[in-house]
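A short write-up of the structure that comes next.
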Amino acid sequence: MIRVFDRPHREARALLGKGAPVYLFVNPVEYHGPHLSLHNDRLVSLGFARDVHARLQTPLGDHPLLLADDLEVGVEPCPGPGSRFSSYATVRDAVVDACMRLADLGAERVVLLTFHGSPLHSLAIQRGVEALRRRGLTALAPLNLALEDLLEEDTGSVAEAFDAIRDPDLRETVRAGLTRDFHAGFLETSLALHYAPDTVSPSHRDLPACPKWVPDRSFTALAAVARRMGRERFAAELEWVADGLGWQALRPFPGYTGRPDLADVDAGAVFARAFADRYAAHALAVFDGAAPAPPVLPWLLPLTLGGRMGGSHVELSDMLQIR
C-alpha cells in the first residue's frame, strides 16, 4: 500500500503514470451511533480498496495499491456528537480539486470510494468523476451501484449474510428491512466487524432495535401520485427519501437503523465479498470503455437549489417547508 501524495514528486508521477488505479477516499467524520467509530466510512472504504485491488491483480497485472487523499468531508452526515457538516459545494470543490491534482500528476484511472450514502454526497463526488472524464481519464464512483441495489431492493447476492440469525421470523425481518438499513445497523456494523473489529464497541450487542418510524407524509404522498402516473422508479426514490426523513425525525434520535445487535463478522464477510465483487467487475468494465454507474436521485440537486439547501443538520423537509 502506497500513499502517493506522501512520496517524492518524481516517484509519485512514476507510480501514477503506469496505469494502475489510484483510490481517492471521500468520507465524512460522522456519528455512527454509540458503537462505531466516527471514521467508520473511511475504514470500510479502505477495506473495499484492498479487496478490489486484490481482484484486479490478475486482469490488470501486478500493481501496487495506490492511495491518494483521504478527504474528511461529507454532505448531510448523520446528526450526532462528533459529526462534521460540509455543504454540497464544499465537498464538490474538494473532490474536483483532488481529482485535478491527480490528473496533473499523471493518474490514468481513479476510483472514488465512499461509504457515506447521502445522495447529495454522491452527486458531489460525481462532479469529480465528470471532471476527470473531461480530461480523457477513466474514473468511477462505485457506491452508486450499492445505492441502486437499495432502491431496487436487490439483496439476492447477500442472502448468506442472514444465516447467523437463528430465529427464522427475525431473519426474514432483517433481510426484508435491509434496503432501509441506512446507517450503522446490521449491514454497516457487520462490515465494521469484518474490516475494523477493534473499532466496534461490544455494546452493540446490547443496543435495542431502532424504533419504527413514520415515513415523511409529504414525500409519501408525492410517491403515491408518481405511482398512479406509472412512474415506478420515481415513486421508489421518493419513498426512499420519505423513509430517510422519517428516520431522522425520531426522538430521541438513535443514530443507527435496523438491528446492530445482530451484526456478525461472518455476515460482514458476505457483505464485503458482494461489494468487492461488484465494484471490481464494474471497474474493469469502465476501464474497458463502459460508462460509470450514475448517482441515484439526480433530481435532488435542482430540488435543493444546486445543493445550497443541503449539507447541514437541518432536515430536507424543514428546509423546503413541506411538513
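Just so we're on the same page: first chain in the C-alpha cells is A, next is B, and so on; residues restart at 1 for each chain, and ligands are numbered from 1 in the order they show up.
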### Message
Among region 8-213 of chain A, which residues does DSSP mark as helix (DSSP H, G or I) when it is run on the backbone? Keep the chain and numbering as in the structure and answer as number ranges by chain.
### Response
A: 9-16, 40-60, 88-104, 119-134, 143-152, 156-162, 168-176, 178-180, 186-195, 197-199, 202-206
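Residues of region 2-237 of chain A carrying a DSSP assignment of strand (DSSP E or B), computed from the backbone, are Ile2, Arg3, Pro21, Val22, Tyr23, Leu24, Phe25, Val26, His32, Pro34, Leu66, Leu67, Ala68, Asp69, Asp70, Leu71, Val75, Ser86, Arg109, Val110, Val111, Leu112, Leu113, Thr138, Ala139 and Leu140 of chain A.
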Considering only C-alpha atoms, give me a table of residues in region 115-225 of chain A that are at most 9 Å from region 260-266 of chain A, with the closest atom pair and distance in Å for each, as a tab-separated table.
residue	atom	partner	partner_atom	distance
A:Ala161	CA	A:Asp266	CA	7.1
A:Ala164	CA	A:Asp264	CA	7.3
A:Ile165	CA	A:Leu262	CA	7.2
A:Ala184	CA	A:Pro260	CA	6.8
A:Gly185	CA	A:Pro260	CA	4.3
A:Phe186	CA	A:Pro260	CA	4.4
A:Leu187	CA	A:Ala263	CA	7.1
A:Glu188	CA	A:Pro260	CA	8.1
A:Thr189	CA	A:Ala263	CA	5.8
A:Ser190	CA	A:Ala263	CA	4.7
A:Leu191	CA	A:Val265	CA	7.2
A:Ala192	CA	A:Val265	CA	8.2
A:Leu193	CA	A:Val265	CA	5.1
A:His194	CA	A:Val265	CA	5.1
A:Tyr195	CA	A:Val265	CA	8.9
A:Pro197	CA	A:Val265	CA	8.4
A:Ser203	CA	A:Asp261	CA	8.3
A:His204	CA	A:Asp261	CA	5.1
A:Arg205	CA	A:Asp261	CA	4.0
A:Asp206	CA	A:Asp261	CA	6.1
A:Leu207	CA	A:Asp261	CA	5.7
A:Pro208	CA	A:Asp261	CA	7.2
A:Ala209	CA	A:Pro260	CA	7.4
A:Cys210	CA	A:Pro260	CA	8.6
Write out as JSON lines the residues of region 13-132 of chain A that have any atom within 6 Å of an atom of region 138-148 of chain A, one row each with the nearest atom pair and its distance in Å to one decimal, counting only C-alpha atoms, sorted by chain and then rising number.
{"residue": "A:Arg109", "atom": "CA", "partner": "A:Thr138", "partner_atom": "CA", "distance": 4.8}
{"residue": "A:Val110", "atom": "CA", "partner": "A:Ala139", "partner_atom": "CA", "distance": 4.7}
{"residue": "A:Val111", "atom": "CA", "partner": "A:Leu140", "partner_atom": "CA", "distance": 5.2}
{"residue": "A:Leu112", "atom": "CA", "partner": "A:Ala141", "partner_atom": "CA", "distance": 4.9}
{"residue": "A:Val129", "atom": "CA", "partner": "A:Ala139", "partner_atom": "CA", "distance": 5.3}
### Query
Skipping near chain neighbours, those fewer than 5 positions away, what residues fall within 7 Å of region 214-229 of chain A using only C-alpha atoms, listed as a ChimeraX atom specification?
/A:234-235,238-239,242-243,245-246,322-323
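If you measure from each of A:Val73, A:Ile2, A:Leu15, A:Cys78 to Pro254 (chain A) using only C-alpha atoms, the closest one turns out to be A:Cys78.
Across A:Leu24, A:Leu305, A:Val174, A:Ala98, the tightest approach to Ala131 (chain A) is made by A:Ala98 when counting only C-alpha atoms.
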### Residue neighbourhood Gly128 (chain A), 9 Å, only C-alpha atoms, exclusion window fewer than 6 positions, as a list in words
Arg92, Asp93, Ala94, Val95, Val96, Asp97, Ala98, Cys99, Met100, Leu112 and Ala139 of chain A
### Message
If I take CA of His53 (chain A) and CA of Leu65 (chain A), how far is one from the other in Å, to one decimal?
### Response
6.4 Å
So that I can check the surroundings of Leu284 (chain A), please list as an mmCIF file with N, CA and C atoms, in the first residue's frame every protein, DNA and RNA residue that reaches within 9 Å of it, counting only C-alpha atoms and ignoring chain neighbours fewer than 4 positions away.
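result11.cif, written as the output of this step:
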data_model
loop_
_atom_site.group_PDB
_atom_site.id
_atom_site.type_symbol
_atom_site.label_atom_id
_atom_site.label_comp_id
_atom_site.auth_asym_id
_atom_site.auth_seq_id
_atom_site.Cartn_x
_atom_site.Cartn_y
_atom_site.Cartn_z
ATOM 1 N N LEU A 56 -8.282 -7.099 -8.892
ATOM 2 C CA LEU A 56 -7.809 -6.533 -10.158
ATOM 3 C C LEU A 56 -6.384 -6.944 -10.492
ATOM 4 N N PRO A 59 -6.433 -9.488 -13.757
ATOM 5 C CA PRO A 59 -6.774 -8.902 -15.065
ATOM 6 C C PRO A 59 -5.905 -7.711 -15.463
ATOM 7 N N LEU A 60 -5.401 -6.937 -14.493
ATOM 8 C CA LEU A 60 -4.614 -5.752 -14.825
ATOM 9 C C LEU A 60 -3.114 -5.987 -14.733
ATOM 10 N N TYR A 279 -17.858 -4.130 -7.292
ATOM 11 C CA TYR A 279 -17.016 -2.978 -7.587
ATOM 12 C C TYR A 279 -15.919 -3.335 -8.596
ATOM 13 N N ALA A 280 -15.268 -4.471 -8.400
ATOM 14 C CA ALA A 280 -14.164 -4.854 -9.278
ATOM 15 C C ALA A 280 -14.671 -5.114 -10.698
ATOM 16 N N ASP A 288 -12.537 -0.674 -19.556
ATOM 17 C CA ASP A 288 -12.669 -1.165 -20.936
ATOM 18 C C ASP A 288 -13.472 -0.217 -21.823
ATOM 19 N N GLY A 289 -13.997 0.852 -21.219
ATOM 20 C CA GLY A 289 -14.722 1.838 -22.015
ATOM 21 C C GLY A 289 -16.179 2.015 -21.672
ATOM 22 N N ALA A 290 -16.720 1.222 -20.752
ATOM 23 C CA ALA A 290 -18.119 1.376 -20.362
ATOM 24 C C ALA A 290 -18.308 2.655 -19.553
#
